[in-house]
Amino acid sequence: MTTETTKMTARSVQVFYGDNHAIKDVDVDILDNTVTAFIGPSGCGKSTFLRCLNRMNDTIDICRVQGEILMQGENIYDPRVDPVQLRAKVGMVFQKPNPFPKSIYDNVAYGPKIHGLTRSKAELDEVVEKSLRRAALWAEVKDRLHAPGTGLSGGQQQRLCIARAIATNPEVLLMDEPCSALDPIATAQVEELIDELRTQFAVVIVTHSMQQAARVSQRTAFFHLGNLVEYGETGQIFTTPRDPRTESYITGRIG
Amino acid sequence: MSLLAQDTRTKRRNAAERRFRRYGLTAIGISLAALVMLLTSVFSSGLGAFRQTFIHIPITLTESALDKSGTRDPDVMHKVTTIGYARVINAALAQAIADNGIVIDGLTDDDIADTISKEAPAQVRDAVLANPDLVGQTVSFSILANGRVDGYLKGRVSLESAAIDTKISTRQLALADAMQDKGLMSRDFNWAFITAADASDQRPEAAGLGVAILGSLYMMLVVLCLALPLGVAASIYLEEFAPKNRWTDLIEVNIANLAAVPSIVFGILGLAIFINFAGLPQSAPIVGGLVLTLMTLPTIIIATRASLKAVPNSIRDAALGVGASKMQAVFHHVLPLAAPGILTGAILGLAQALGETAPLLLIGMVAFVREYPGAPPEGFFDPASALPVQIYNWTQRADPAFVERASGAIIVLLVFLLVLNATAILLRRRFERRW
Amino acid sequence: MTAVSTLLMLGILATLGFVLGRRRALASVQGDSRRLHSLPHYYGWAVAIWTVLPASVLFLAWQTVAPLGNAGGFAVLALALGGLVWAWLRSSATFRARNAVERAVMGLLILASSIAIATTAGIVLSMLFETRNFFSQYDWTRFFFSTTWSPRFQGDSDLGFLPLLWGTLYISFIALLFAVPTGLFAAIYLSEYAGPRLRAIAKPLIEVLAGIPTIVYGLFALITVGPLLRDYFAQPLGLGNSGSSVMTAGLVMGIMLIPFVSSLSDDIISQVPQSLRDGSLGLGATKSETIRQVVLPAALPGIVGAVLLAASRAIGETMIVVLGAGAAAKLDLNPFEAMTTITVKIVGQLTGDTDFAAPETLVAFALGLTLFAFTLCLNVLALIIVRKYREQYE
Ligand SMILES: Nc1ncnc2c1ncn2[C@@H]1O[C@H](COP(=O)(O)OP(=O)(O)O)[C@@H](O)[C@H]1O
Ligand SMILES: [Mg+2]
């Protein structure tokens, strides 16, 4: 947290959905041990850009990405890069909690199993417990690890998904509006958790709530119509925005 | 750990991924190969049925043999059977062979006569009875050649097989070659295959699909007239009016189950209820139509309900809002909008019914029927065959020439199905609406 | 008077009733249709319905008891005329013609939808009745537990069900063994991997297989697959000399079932929410890992339902086994041996010369009832499973 090394660097990234130019020439640095928030009106391309960071856009046929995104000096869009390996390092949590129809244990163990991170059952148990603890869910589920994950409440499910994502030991954690399907109490729990996670990961969070961005993030990027309008310290963005569009948005005039 | 290099585990996982894809591609390949094999098998053995070997000779219709009385009265001439005509034809063929200078060692009169179909005398007799004035003249006829000779021209019969076949000799095959050279014998398009009635086991060359096509047509008419209105009525009730209760639940389960009941069970139903209980005649298109109606009803109901469901509620609300009754809203607004979908479903139901065989076997449609059924509505009660049953029937015959007939009949059946399905697809394309 | 001419007369009377009813209603308000309770044509319809409905009930009743004849024809027409006059007299401004017509139409709709139940009842009753006849002549334990099937003309036949059941299950098993993996993998590839071009070509082509009548498959088994298996597998391996065999019928039936399995699986797989796939891919799973470990387990109940439906089809399939499996009732493990099935024997016992007093004929009804019960259980089970599955993701 003390050393602000750059984890990922995006340079002149363009994204097209067919003819729709969804991301226009975006440059962003993602810092380690920092929560970076992407804000902006809906449809401005926040999710699209977030999905570029772990190449989830590859799964959409019509989507094309140009420009480069570097991770430790390596372009993740290099043809030699296997997205499967990339995604193990850049985990993702989605808007709607999406636990697999498996037990809580199997949900968390899924990532370590497919990536072969553990050598024995005992080791796997340990990883599962550690991930659930870090996701602040252990106390609630330790007695029913083999109950289906879909049986948990919405907030618990989302924390389960976070546990699932950190179980693969990623370096960057992407979160696409992780609280938008949750009630205020569950939201508060997850926000608290995000602040914890920062000690280990670079966290990137998309949110439509400016309060949330102000609460959890250290840096904020404001997107508008596919452009990155402004990017800087969260405090600075919210108190002294440089661009008139940012100001209009945070004061509620566009959005 | 660099992203640019794949670690061994990732390599292994990607290999598993490729293998998995290959399984998928293989499965698709197997399915398509099966389709290709099926169609190739049917077409390669069936296309021959559309061409038939004919013998072209002038026949002198001598009065002494065919109309001793000299009155040219068809009633009197009816007394001369096909045996009398056979003699005339055999003589004419022998004459034609001699005239063309064909000489084959050891060829007997019987050999010559046996190259002609047993159906040929009836052909000539029908022509003469239709026009008694032909008697006394020499008329050019194209008469059917025997099935074995036809098989020889189509490559089904060879010199080797003829050597061990009591029904054909190598001399006759040599004769066939010579007759072809002289233009006395050729293969022509076989309209009779589509229009003629079935023929007995001894004369595959004369067997046709006329009665079967007519029977199938009658049954399709019955199905269309019954299944479409009943299916639409039932769907309207279930989709638009039915309250949620035990009775409608029971109906729902029944329809879903009936759609999956083995078709042969419907045949048993038809036999027990329509024939044994209600006393309707065996082999009649009306019974077949009724059975197929019950069988296709679930298909039509399922399709109709889907297209009713696809009409958005705003249409109903709009009609109710201007004071229409619920029934007026449904009949005036919802039903017309759903009509293309309903029609498509009905056509697909018809296609299903057209190809169905098993239930028809049980209601006696396997019987050997040579007479065309009469005009509707009485014709619905006459014995008839049906396309798929005729195919089955031919597969049960001993003469291998019937395999060709059966495959040819399948081609006809597939063409009908193609037309039905293409109509359904066109309808869907033309009227498809997205709300 | 024939049935047809009676119906024709009935139609004419109904048309007449329509015209008269409409005219009388209009006359009762001096042609000012706004004063009528309903639109004028409803009055016409009301009269037409009253003309036709009671008369056609009588017509049907008479027909089922005895041929119509002159007496019946006149009775039907008299009733029609009575209905016409009665309804005509009621056609006045205050008569709620629309409600009356709609009630009648509603009745017809309900009647039409009850046909499904009537059909099932007809199936069950007709077979139950003859099955009882059969078991009054033939011991039911012998039927269900005997291992020989050899009907004899002179009576004293062995009509054991077990060899038929064995043949049926053996053939269905082979068919499913072939069709389920093939259909499932084809569906997976088409829905998860294939590009739009391949999908646009391969999907309809596979569906063509579903539109081909079973008699065509039967002939395919008889003239191509049977001889092929005999010449290249059975004879070289010394397993038999028969073109008709469990393998022949099973394989061809498997081909028939591929599109059935693949289109049902396709439906079911596409109902698994995209968010689950995203979740798995986002963790760095490959596509096949996602499919095998997330999509398929999530879709499992639906796929089980589809397999049960396919099994029900296989068990009830007739033409392929009639032409491809043979007629010898045998309890044997060799798949290249000709065996026979329940449906083959139903066809065999009910075609040709039948004597509805002899157990050799009646046994077909017992077979049919067993088949029906069997497939009913499979269908209902499958429907329940599939419905539960659908609700889960709605
Ligand atoms: N799968 C997709 N296919 C086509 N267009 C898409 C897809 N996803 C997003 N878009 C388009 O890209 C633009 C940005 O969308 P998105 O990134 O979801 O915005 P945000 O997350 O900021 O609300 C929108 O115009 C949207 O229509
Ligand atoms: Mg978004």
# chains A, B, ... in the order shown; residues from 1 in each chain; ligands from 1

call {"tool": "interface_residues", "arguments": {"of": "chain C", "to": "chain B", "cutoff": "6 Å", "atoms": "only C-alpha atoms", "output": "PDB file with all heavy atoms, in the first residue's frame"}}
result
ATOM      1  N   LEU C 109     -65.538 -25.073 -27.473  1.00  0.00           N
ATOM      2  CA  LEU C 109     -64.094 -24.996 -27.199  1.00  0.00           C
ATOM      3  C   LEU C 109     -63.713 -25.993 -26.108  1.00  0.00           C
ATOM      4  O   LEU C 109     -62.713 -26.714 -26.208  1.00  0.00           O
ATOM      5  CB  LEU C 109     -63.702 -23.579 -26.756  1.00  0.00           C
ATOM      6  CG  LEU C 109     -63.841 -22.460 -27.781  1.00  0.00           C
ATOM      7  CD1 LEU C 109     -63.272 -21.161 -27.228  1.00  0.00           C
ATOM      8  CD2 LEU C 109     -63.150 -22.821 -29.078  1.00  0.00           C
ATOM      9  N   ALA C 112     -63.762 -29.440 -27.465  1.00  0.00           N
ATOM     10  CA  ALA C 112     -62.586 -29.749 -28.290  1.00  0.00           C
ATOM     11  C   ALA C 112     -61.374 -30.041 -27.428  1.00  0.00           C
ATOM     12  O   ALA C 112     -60.606 -30.961 -27.702  1.00  0.00           O
ATOM     13  CB  ALA C 112     -62.289 -28.584 -29.238  1.00  0.00           C
ATOM     14  N   SER C 113     -61.239 -29.258 -26.341  1.00  0.00           N
ATOM     15  CA  SER C 113     -60.029 -29.485 -25.550  1.00  0.00           C
ATOM     16  C   SER C 113     -60.139 -30.749 -24.703  1.00  0.00           C
ATOM     17  O   SER C 113     -59.138 -31.269 -24.234  1.00  0.00           O
ATOM     18  CB  SER C 113     -59.720 -28.275 -24.666  1.00  0.00           C
ATOM     19  OG  SER C 113     -60.817 -28.009 -23.849  1.00  0.00           O
ATOM     20  N   ALA C 116     -58.497 -34.527 -25.873  1.00  0.00           N
ATOM     21  CA  ALA C 116     -57.243 -35.137 -25.413  1.00  0.00           C
ATOM     22  C   ALA C 116     -57.526 -36.176 -24.345  1.00  0.00           C
ATOM     23  O   ALA C 116     -56.973 -37.276 -24.347  1.00  0.00           O
ATOM     24  CB  ALA C 116     -56.301 -34.074 -24.878  1.00  0.00           C
ATOM     25  N   ILE C 123     -57.955 -44.946 -25.418  1.00  0.00           N
ATOM     26  CA  ILE C 123     -56.802 -45.854 -25.500  1.00  0.00           C
ATOM     27  C   ILE C 123     -56.848 -46.850 -24.347  1.00  0.00           C
ATOM     28  O   ILE C 123     -56.802 -48.071 -24.533  1.00  0.00           O
ATOM     29  CB  ILE C 123     -55.488 -45.052 -25.452  1.00  0.00           C
ATOM     30  CG1 ILE C 123     -55.284 -44.287 -26.762  1.00  0.00           C
ATOM     31  CG2 ILE C 123     -54.301 -45.968 -25.192  1.00  0.00           C
ATOM     32  CD1 ILE C 123     -54.098 -43.357 -26.763  1.00  0.00           C
ATOM     33  N   SER C 126     -60.142 -49.187 -24.377  1.00  0.00           N
ATOM     34  CA  SER C 126     -60.202 -50.207 -25.425  1.00  0.00           C
ATOM     35  C   SER C 126     -59.195 -51.311 -25.150  1.00  0.00           C
ATOM     36  O   SER C 126     -59.493 -52.497 -25.321  1.00  0.00           O
ATOM     37  CB  SER C 126     -59.944 -49.574 -26.799  1.00  0.00           C
ATOM     38  OG  SER C 126     -58.650 -49.047 -26.855  1.00  0.00           O
ATOM     39  N   THR C 182     -23.865 -38.677 -29.146  1.00  0.00           N
ATOM     40  CA  THR C 182     -23.774 -37.970 -30.424  1.00  0.00           C
ATOM     41  C   THR C 182     -24.644 -36.718 -30.405  1.00  0.00           C
ATOM     42  O   THR C 182     -24.191 -35.626 -30.755  1.00  0.00           O
ATOM     43  CB  THR C 182     -24.207 -38.891 -31.573  1.00  0.00           C
ATOM     44  OG1 THR C 182     -23.576 -40.150 -31.416  1.00  0.00           O
ATOM     45  CG2 THR C 182     -23.826 -38.305 -32.907  1.00  0.00           C
ATOM     46  N   PHE C 185     -23.258 -34.080 -27.836  1.00  0.00           N
ATOM     47  CA  PHE C 185     -22.051 -33.395 -28.287  1.00  0.00           C
ATOM     48  C   PHE C 185     -22.351 -32.490 -29.475  1.00  0.00           C
ATOM     49  O   PHE C 185     -21.796 -31.398 -29.576  1.00  0.00           O
ATOM     50  CB  PHE C 185     -20.951 -34.395 -28.635  1.00  0.00           C
ATOM     51  CG  PHE C 185     -20.047 -34.675 -27.470  1.00  0.00           C
ATOM     52  CD1 PHE C 185     -20.090 -35.877 -26.804  1.00  0.00           C
ATOM     53  CD2 PHE C 185     -19.163 -33.702 -27.035  1.00  0.00           C
ATOM     54  CE1 PHE C 185     -19.263 -36.117 -25.721  1.00  0.00           C
ATOM     55  CE2 PHE C 185     -18.324 -33.940 -25.953  1.00  0.00           C
ATOM     56  CZ  PHE C 185     -18.383 -35.154 -25.294  1.00  0.00           C
ATOM     57  N   ALA C 186     -23.213 -32.952 -30.366  1.00  0.00           N
ATOM     58  CA  ALA C 186     -23.571 -32.097 -31.501  1.00  0.00           C
ATOM     59  C   ALA C 186     -24.231 -30.824 -30.987  1.00  0.00           C
ATOM     60  O   ALA C 186     -23.924 -29.719 -31.435  1.00  0.00           O
ATOM     61  CB  ALA C 186     -24.496 -32.845 -32.457  1.00  0.00           C
ATOM     62  N   TYR C 189     -21.603 -28.579 -29.350  1.00  0.00           N
ATOM     63  CA  TYR C 189     -20.737 -27.910 -30.314  1.00  0.00           C
ATOM     64  C   TYR C 189     -21.491 -26.803 -31.033  1.00  0.00           C
ATOM     65  O   TYR C 189     -20.990 -25.696 -31.188  1.00  0.00           O
ATOM     66  CB  TYR C 189     -20.172 -28.909 -31.324  1.00  0.00           C
ATOM     67  CG  TYR C 189     -19.028 -28.309 -32.102  1.00  0.00           C
ATOM     68  CD1 TYR C 189     -17.729 -28.399 -31.640  1.00  0.00           C
ATOM     69  CD2 TYR C 189     -19.253 -27.593 -33.275  1.00  0.00           C
ATOM     70  CE1 TYR C 189     -16.679 -27.807 -32.323  1.00  0.00           C
ATOM     71  CE2 TYR C 189     -18.212 -26.993 -33.963  1.00  0.00           C
ATOM     72  CZ  TYR C 189     -16.928 -27.110 -33.470  1.00  0.00           C
ATOM     73  OH  TYR C 189     -15.894 -26.509 -34.146  1.00  0.00           O
ATOM     74  N   PRO C 213     -39.592 -39.856 -42.213  1.00  0.00           N
ATOM     75  CA  PRO C 213     -40.485 -40.848 -41.611  1.00  0.00           C
ATOM     76  C   PRO C 213     -39.733 -42.118 -41.212  1.00  0.00           C
ATOM     77  O   PRO C 213     -38.724 -42.476 -41.827  1.00  0.00           O
ATOM     78  CB  PRO C 213     -41.475 -41.158 -42.729  1.00  0.00           C
ATOM     79  CG  PRO C 213     -41.367 -40.048 -43.688  1.00  0.00           C
ATOM     80  CD  PRO C 213     -39.990 -39.499 -43.567  1.00  0.00           C
ATOM     81  N   SER C 288     -14.220 -25.767 -22.439  1.00  0.00           N
ATOM     82  CA  SER C 288     -14.677 -27.135 -22.199  1.00  0.00           C
ATOM     83  C   SER C 288     -14.806 -27.402 -20.706  1.00  0.00           C
ATOM     84  O   SER C 288     -15.718 -28.109 -20.282  1.00  0.00           O
ATOM     85  CB  SER C 288     -13.731 -28.141 -22.853  1.00  0.00           C
ATOM     86  OG  SER C 288     -12.463 -28.072 -22.251  1.00  0.00           O
ATOM     87  N   GLY C 316     -41.166 -47.284 -28.032  1.00  0.00           N
ATOM     88  CA  GLY C 316     -42.408 -47.359 -28.791  1.00  0.00           C
ATOM     89  C   GLY C 316     -42.209 -47.385 -30.294  1.00  0.00           C
ATOM     90  O   GLY C 316     -43.177 -47.498 -31.044  1.00  0.00           O
ATOM     91  N   LEU C 350     -51.662 -58.460 -35.000  1.00  0.00           N
ATOM     92  CA  LEU C 350     -52.884 -57.737 -35.386  1.00  0.00           C
ATOM     93  C   LEU C 350     -53.005 -57.509 -36.888  1.00  0.00           C
ATOM     94  O   LEU C 350     -53.942 -56.872 -37.339  1.00  0.00           O
ATOM     95  CB  LEU C 350     -52.968 -56.395 -34.656  1.00  0.00           C
ATOM     96  CG  LEU C 350     -53.336 -56.484 -33.178  1.00  0.00           C
ATOM     97  CD1 LEU C 350     -53.429 -55.106 -32.565  1.00  0.00           C
ATOM     98  CD2 LEU C 350     -54.649 -57.228 -32.967  1.00  0.00           C
ATOM     99  N   THR C 351     -52.038 -57.985 -37.677  1.00  0.00           N
ATOM    100  CA  THR C 351     -52.221 -57.868 -39.121  1.00  0.00           C
ATOM    101  C   THR C 351     -52.422 -59.256 -39.693  1.00  0.00           C
ATOM    102  O   THR C 351     -52.089 -60.258 -39.071  1.00  0.00           O
ATOM    103  CB  THR C 351     -51.003 -57.210 -39.807  1.00  0.00           C
ATOM    104  OG1 THR C 351     -49.825 -57.863 -39.351  1.00  0.00           O
ATOM    105  CG2 THR C 351     -50.926 -55.747 -39.499  1.00  0.00           C
TER     106      THR C 351
END

call {"tool": "select_by_dssp", "arguments": {"residues": "region 120-237 of chain A", "states": "alpha helix (DSSP H)", "output": "ChimeraX atom specification"}}
result
/A:121-134,138-141,154-166,184-197,210-216,234-237

call {"tool": "interface_residues", "arguments": {"of": "chain A", "to": "chain C", "cutoff": "9 Å", "atoms": "only C-alpha atoms", "output": "PyMOL selection string"}}
result
chain A and resi 54-56+59+61+83-94+96-102+110-111+114-115+161+164-165+168

call {"tool": "write_last_selection", "arguments": {"atoms": "N, CA and C atoms", "output": "short mmCIF file (atom, residue, chain, number, x, y, z; two decimals), in the first residue's frame"}}
result
data_model
loop_
_atom_site.label_atom_id
_atom_site.label_comp_id
_atom_site.auth_asym_id
_atom_site.auth_seq_id
_atom_site.Cartn_x
_atom_site.Cartn_y
_atom_site.Cartn_z
N ASN A 54 -9.40 -8.43 -18.51
CA ASN A 54 -9.07 -9.85 -18.43
C ASN A 54 -9.59 -10.60 -19.66
N ARG A 55 -9.74 -9.84 -20.72
CA ARG A 55 -10.12 -10.41 -22.02
C ARG A 55 -11.42 -11.20 -21.97
N MET A 56 -12.34 -10.80 -21.10
CA MET A 56 -13.66 -11.44 -21.13
C MET A 56 -14.40 -11.07 -22.41
N THR A 59 -15.17 -13.47 -25.38
CA THR A 59 -16.30 -14.40 -25.48
C THR A 59 -17.45 -13.81 -26.28
N ASP A 61 -18.67 -12.54 -29.76
CA ASP A 61 -18.21 -12.72 -31.14
C ASP A 61 -17.93 -11.41 -31.85
N PRO A 83 -5.65 -16.51 -22.81
CA PRO A 83 -6.56 -15.80 -21.90
C PRO A 83 -6.85 -16.61 -20.63
N VAL A 84 -6.76 -17.92 -20.73
CA VAL A 84 -7.02 -18.75 -19.56
C VAL A 84 -6.02 -18.45 -18.45
N GLN A 85 -4.75 -18.32 -18.84
CA GLN A 85 -3.72 -18.00 -17.84
C GLN A 85 -3.88 -16.58 -17.32
N LEU A 86 -4.26 -15.69 -18.25
CA LEU A 86 -4.44 -14.29 -17.85
C LEU A 86 -5.54 -14.18 -16.79
N ARG A 87 -6.63 -14.87 -17.04
CA ARG A 87 -7.79 -14.71 -16.15
C ARG A 87 -7.53 -15.30 -14.77
N ALA A 88 -6.58 -16.21 -14.70
CA ALA A 88 -6.23 -16.70 -13.37
C ALA A 88 -5.55 -15.59 -12.57
N LYS A 89 -4.91 -14.67 -13.27
CA LYS A 89 -4.22 -13.58 -12.58
C LYS A 89 -5.10 -12.36 -12.42
N VAL A 90 -6.09 -12.23 -13.29
CA VAL A 90 -7.00 -11.09 -13.23
C VAL A 90 -8.40 -11.64 -13.02
N GLY A 91 -8.81 -11.74 -11.78
CA GLY A 91 -10.10 -12.35 -11.46
C GLY A 91 -11.24 -11.38 -11.64
N MET A 92 -12.46 -11.91 -11.63
CA MET A 92 -13.60 -11.03 -11.91
C MET A 92 -14.80 -11.41 -11.06
N VAL A 93 -15.49 -10.37 -10.60
CA VAL A 93 -16.74 -10.56 -9.86
C VAL A 93 -17.82 -9.79 -10.61
N PHE A 94 -18.98 -10.41 -10.75
CA PHE A 94 -19.98 -9.84 -11.65
C PHE A 94 -21.07 -9.09 -10.89
N LYS A 96 -24.45 -9.43 -10.98
CA LYS A 96 -25.40 -10.28 -10.25
C LYS A 96 -24.62 -11.45 -9.66
N PRO A 97 -24.83 -11.74 -8.38
CA PRO A 97 -24.13 -12.90 -7.82
C PRO A 97 -24.42 -14.13 -8.68
N ASN A 98 -23.39 -14.86 -9.07
CA ASN A 98 -23.63 -16.03 -9.93
C ASN A 98 -22.94 -17.28 -9.40
N PRO A 99 -23.29 -17.69 -8.17
CA PRO A 99 -22.69 -18.93 -7.67
C PRO A 99 -23.09 -20.10 -8.57
N PHE A 100 -22.17 -21.05 -8.75
CA PHE A 100 -22.50 -22.24 -9.53
C PHE A 100 -23.47 -23.10 -8.73
N PRO A 101 -24.29 -23.87 -9.44
CA PRO A 101 -25.20 -24.77 -8.70
C PRO A 101 -24.43 -25.95 -8.10
N LYS A 102 -23.50 -25.63 -7.22
CA LYS A 102 -22.68 -26.64 -6.53
C LYS A 102 -22.65 -26.24 -5.07
N TYR A 110 -13.41 -24.43 -7.02
CA TYR A 110 -13.42 -24.57 -8.48
C TYR A 110 -12.16 -24.02 -9.13
N GLY A 111 -11.83 -22.78 -8.81
CA GLY A 111 -10.66 -22.13 -9.43
C GLY A 111 -9.36 -22.89 -9.12
N ILE A 114 -9.19 -26.19 -11.14
CA ILE A 114 -8.90 -26.16 -12.57
C ILE A 114 -7.49 -25.65 -12.85
N HIS A 115 -6.97 -24.78 -11.98
CA HIS A 115 -5.63 -24.28 -12.23
C HIS A 115 -4.56 -25.14 -11.57
N CYS A 161 -18.93 -15.28 -4.25
CA CYS A 161 -18.31 -15.08 -5.57
C CYS A 161 -16.96 -14.40 -5.43
N ARG A 164 -14.62 -16.98 -4.26
CA ARG A 164 -14.30 -17.84 -5.39
C ARG A 164 -13.22 -17.20 -6.27
N ALA A 165 -13.36 -15.87 -6.44
CA ALA A 165 -12.41 -15.17 -7.30
C ALA A 165 -11.03 -15.09 -6.64
N THR A 168 -8.20 -18.25 -6.48
CA THR A 168 -7.19 -18.57 -7.48
C THR A 168 -5.94 -17.71 -7.30
#

call {"tool": "residues_near_ligand", "arguments": {"ligand": "ligand 2", "cutoff": "7 Å", "atoms": "only C-alpha atoms and all ligand atoms", "output": "PyMOL selection string"}}
result
chain A and resi 42-43+46-47+176

call {"tool": "residues_near_ligand", "arguments": {"ligand": "ligand 1", "cutoff": "7 Å", "atoms": "only C-alpha atoms and all ligand atoms", "output": "list in words"}}
result
Tyr17, Ala22, Gly40, Pro41, Ser42, Gly43, Cys44, Gly45, Lys46, Ser47, Thr48, Phe49, Ile60 and Ile62 of chain A

call {"tool": "write_last_selection", "arguments": {"atoms": "all heavy atoms", "output": "short mmCIF file (atom, residue, chain, number, x, y, z; two decimals), in the first residue's frame"}}
result
data_model
loop_
_atom_site.label_atom_id
_atom_site.label_comp_id
_atom_site.auth_asym_id
_atom_site.auth_seq_id
_atom_site.Cartn_x
_atom_site.Cartn_y
_atom_site.Cartn_z
N TYR A 17 -18.13 -2.91 -30.98
CA TYR A 17 -19.11 -4.00 -31.09
C TYR A 17 -19.69 -3.90 -32.49
O TYR A 17 -20.55 -3.07 -32.74
CB TYR A 17 -20.24 -3.85 -30.08
CG TYR A 17 -19.83 -4.10 -28.64
CD1 TYR A 17 -19.75 -3.05 -27.74
CD2 TYR A 17 -19.56 -5.39 -28.19
CE1 TYR A 17 -19.40 -3.26 -26.43
CE2 TYR A 17 -19.20 -5.61 -26.87
CZ TYR A 17 -19.12 -4.55 -25.99
OH TYR A 17 -18.78 -4.77 -24.70
N ALA A 22 -17.43 1.51 -28.95
CA ALA A 22 -17.85 1.60 -27.55
C ALA A 22 -16.79 2.22 -26.65
O ALA A 22 -17.12 2.84 -25.65
CB ALA A 22 -18.23 0.21 -27.04
N GLY A 40 -19.50 6.70 -14.36
CA GLY A 40 -20.01 7.31 -15.58
C GLY A 40 -21.44 6.87 -15.81
O GLY A 40 -21.91 5.91 -15.21
N PRO A 41 -22.15 7.63 -16.68
CA PRO A 41 -23.55 7.28 -16.95
C PRO A 41 -23.63 5.89 -17.58
O PRO A 41 -22.67 5.42 -18.17
CB PRO A 41 -24.01 8.36 -17.92
CG PRO A 41 -22.78 9.00 -18.45
CD PRO A 41 -21.71 8.81 -17.44
N SER A 42 -24.78 5.25 -17.47
CA SER A 42 -24.86 3.88 -17.96
C SER A 42 -24.76 3.87 -19.48
O SER A 42 -25.22 4.78 -20.16
CB SER A 42 -26.15 3.21 -17.49
OG SER A 42 -27.23 3.72 -18.20
N GLY A 43 -24.09 2.85 -20.00
CA GLY A 43 -23.88 2.74 -21.44
C GLY A 43 -22.64 3.47 -21.91
O GLY A 43 -22.36 3.49 -23.10
N CYS A 44 -21.85 4.04 -20.99
CA CYS A 44 -20.68 4.79 -21.41
C CYS A 44 -19.49 3.90 -21.66
O CYS A 44 -18.45 4.37 -22.12
CB CYS A 44 -20.34 5.85 -20.37
SG CYS A 44 -19.76 5.13 -18.82
N GLY A 45 -19.58 2.64 -21.31
CA GLY A 45 -18.50 1.72 -21.65
C GLY A 45 -17.66 1.27 -20.47
O GLY A 45 -16.60 0.68 -20.66
N LYS A 46 -18.14 1.49 -19.24
CA LYS A 46 -17.36 1.08 -18.05
C LYS A 46 -17.14 -0.43 -18.05
O LYS A 46 -16.01 -0.92 -17.94
CB LYS A 46 -18.10 1.48 -16.77
CG LYS A 46 -18.52 2.92 -16.68
CD LYS A 46 -19.24 3.22 -15.38
CE LYS A 46 -20.58 2.51 -15.25
NZ LYS A 46 -21.63 3.05 -16.14
N SER A 47 -18.26 -1.15 -18.19
CA SER A 47 -18.15 -2.62 -18.16
C SER A 47 -17.29 -3.11 -19.31
O SER A 47 -16.46 -4.00 -19.14
CB SER A 47 -19.52 -3.26 -18.27
OG SER A 47 -20.34 -2.85 -17.22
N THR A 48 -17.51 -2.52 -20.47
CA THR A 48 -16.74 -2.94 -21.64
C THR A 48 -15.25 -2.81 -21.38
O THR A 48 -14.48 -3.72 -21.63
CB THR A 48 -17.15 -2.08 -22.84
OG1 THR A 48 -18.54 -2.28 -23.08
CG2 THR A 48 -16.37 -2.47 -24.08
N PHE A 49 -14.86 -1.67 -20.82
CA PHE A 49 -13.44 -1.47 -20.58
C PHE A 49 -12.92 -2.44 -19.51
O PHE A 49 -11.84 -3.02 -19.64
CB PHE A 49 -13.16 -0.03 -20.18
CG PHE A 49 -11.69 0.25 -20.06
CD1 PHE A 49 -10.89 0.27 -21.20
CD2 PHE A 49 -11.10 0.42 -18.82
CE1 PHE A 49 -9.53 0.48 -21.10
CE2 PHE A 49 -9.73 0.63 -18.72
CZ PHE A 49 -8.95 0.65 -19.86
N ILE A 60 -17.34 -12.52 -26.63
CA ILE A 60 -18.41 -11.91 -27.44
C ILE A 60 -17.93 -11.86 -28.89
O ILE A 60 -16.91 -11.24 -29.20
CB ILE A 60 -18.74 -10.50 -26.93
CG1 ILE A 60 -19.24 -10.61 -25.48
CG2 ILE A 60 -19.79 -9.84 -27.80
CD1 ILE A 60 -19.36 -9.29 -24.79
N ILE A 62 -18.84 -10.43 -31.68
CA ILE A 62 -18.75 -9.24 -32.51
C ILE A 62 -17.80 -8.20 -31.93
O ILE A 62 -17.63 -7.12 -32.48
CB ILE A 62 -20.13 -8.60 -32.70
CG1 ILE A 62 -20.76 -8.30 -31.35
CG2 ILE A 62 -21.03 -9.49 -33.53
CD1 ILE A 62 -21.97 -7.40 -31.46
#

call {"tool": "residues_around", "arguments": {"residues": "Gly48 (chain B)", "least_positions_apart": "3", "cutoff": "12 Å", "atoms": "only C-alpha atoms", "output": "ChimeraX atom specification"}}
result
/B:42-45,51-53,150-156,187-190,193,205,401-409,411
